[in-house]
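Chemist: Pasting a structure below so you can have a look.
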Amino acid sequence: MLSEKLTKALSDQVNAEYYSAYLYLAMSAAADNFGLKGVSSWLFVQAQEEMAHGTHIYEYILDRGAVPSFAAIAEPPGSFADTDAVI
């Protein structure tokens with residue numbers, strides 16, 4: 001069984017992975033809006049990868065008999081001023 005401290009740290013990492021996925025999705029949408037379809041697609045794949053990381057850590061916590069804690073996922077930026085912000 002995982003210690004409470006380690007479970008909390010791993011749960012925090014799950015949250016960070018999901019925030020990263022949100023950020024990549026926001027950047028993907030902005031790149032799409034700028035007409036950068038290839039960049040948008042790559043960023044979308046990165047979002048999926050971050051979700052997979054979070055899911056693996058979540059499953060690791062459960063597999064060791066602990067219960068993950070959940071916190072609100074921070075909102076990513078809603079817009080990006082130009083292409084430099086997403087590339």
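Each chain in the structure tokens gets a letter, A, B, ..., in the order shown, and its residues are numbered from 1; ligands are numbered from 1 in order too.
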Give me, as a ChimeraX atom specification, all polymer residues having an atom no more than 10 Å from A:Asp63, counting only C-alpha atoms and skipping those fewer than 6 positions away in the same chain.

Modeler: /A:1-2,57

Chemist: For the selection you just gave me, I'd like the residues written to a file as a CSV table (one decimal), in the first residue's frame, keeping N, CA, C and O atoms.

Modeler:
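The resulting file, part_3.csv, is reproduced below:
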```csv
chain,number,residue,atom,x,y,z
A,1,MET,N,0.8,-1.2,0.0
A,1,MET,CA,0.0,0.0,0.0
A,1,MET,C,0.9,1.2,0.0
A,1,MET,O,1.9,1.3,0.6
A,2,LEU,N,0.5,2.2,-0.7
A,2,LEU,CA,1.2,3.5,-0.8
A,2,LEU,C,1.0,4.3,0.5
A,2,LEU,O,-0.2,4.3,1.0
A,57,ILE,N,-0.7,6.7,-14.2
A,57,ILE,CA,-0.4,7.0,-12.8
A,57,ILE,C,-1.7,6.7,-11.9
A,57,ILE,O,-1.6,6.1,-10.8
```

Chemist: Show which residues sit within 8 Å of A:Leu10, as an MDAnalysis selection string. Count only C-alpha atoms, and ignore same-chain residues fewer than 3 positions away.

Modeler: chainID A and resid 6:7 13:14 57:58 61 68

Chemist: For a test of reading the model, state the distance in Å between atom CA of A:Asn15 and atom CA of A:Ile73, rounded to one decimal.

Modeler: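 Rounded to one decimal, the two atoms are 6.3 Å apart.
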
Chemist: Return as JSON, numbers by chain the full set of residues in stretch 2-82 of chain A whose backbone-based DSSP assignment is helix (DSSP H, G or I).

Modeler: {"A": [4, 5, 6, 7, 8, 9, 10, 11, 12, 13, 14, 15, 16, 17, 18, 19, 20, 21, 22, 23, 24, 25, 26, 27, 28, 29, 30, 31, 32, 33, 37, 38, 39, 40, 41, 42, 43, 44, 45, 46, 47, 48, 49, 50, 51, 52, 53, 54, 55, 56, 57, 58, 59, 60, 61, 62, 63]}

Chemist: Near A:Ser79, counting only C-alpha atoms, which residues have an atom at most 9 Å away, once you skip same-chain residues fewer than 2 positions from it, shown as a list of chain:residue names?

Modeler: A:Ala26, A:Met27, A:Ala30, A:Pro76, A:Pro77, A:Ala81

Chemist: Save out the residues we just selected, C-alpha atoms, as a PDB file, in the first residue's frame.

Modeler:
```pdb
ATOM      1  CA  ALA A  26      -6.062  24.829 -26.073  1.00  0.00           C
ATOM      2  CA  MET A  27      -2.903  25.295 -28.092  1.00  0.00           C
ATOM      3  CA  ALA A  30      -5.445  28.031 -31.436  1.00  0.00           C
ATOM      4  CA  PRO A  76      -5.537  26.853 -19.554  1.00  0.00           C
ATOM      5  CA  PRO A  77      -5.232  30.147 -21.417  1.00  0.00           C
ATOM      6  CA  ALA A  81      -2.077  36.292 -29.274  1.00  0.00           C
TER       7      ALA A  81
END
```

Chemist: Would you please work out which residue, of A:Leu43, A:Gly78, A:Asn33, A:Ser69, is nearest to A:Ala9 when using only C-alpha atoms?

Modeler: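 Of all the options, A:Ser69 lies closest to A:Ala9.
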
Chemist: Which residues are near A:Tyr24? Cut-off 9 Å, only C-alpha atoms, ignore same chain within fewer than 5 positions. Put them as a PyMOL selection string.

Modeler: chain A and resi 19+29+43-48+50+76+86
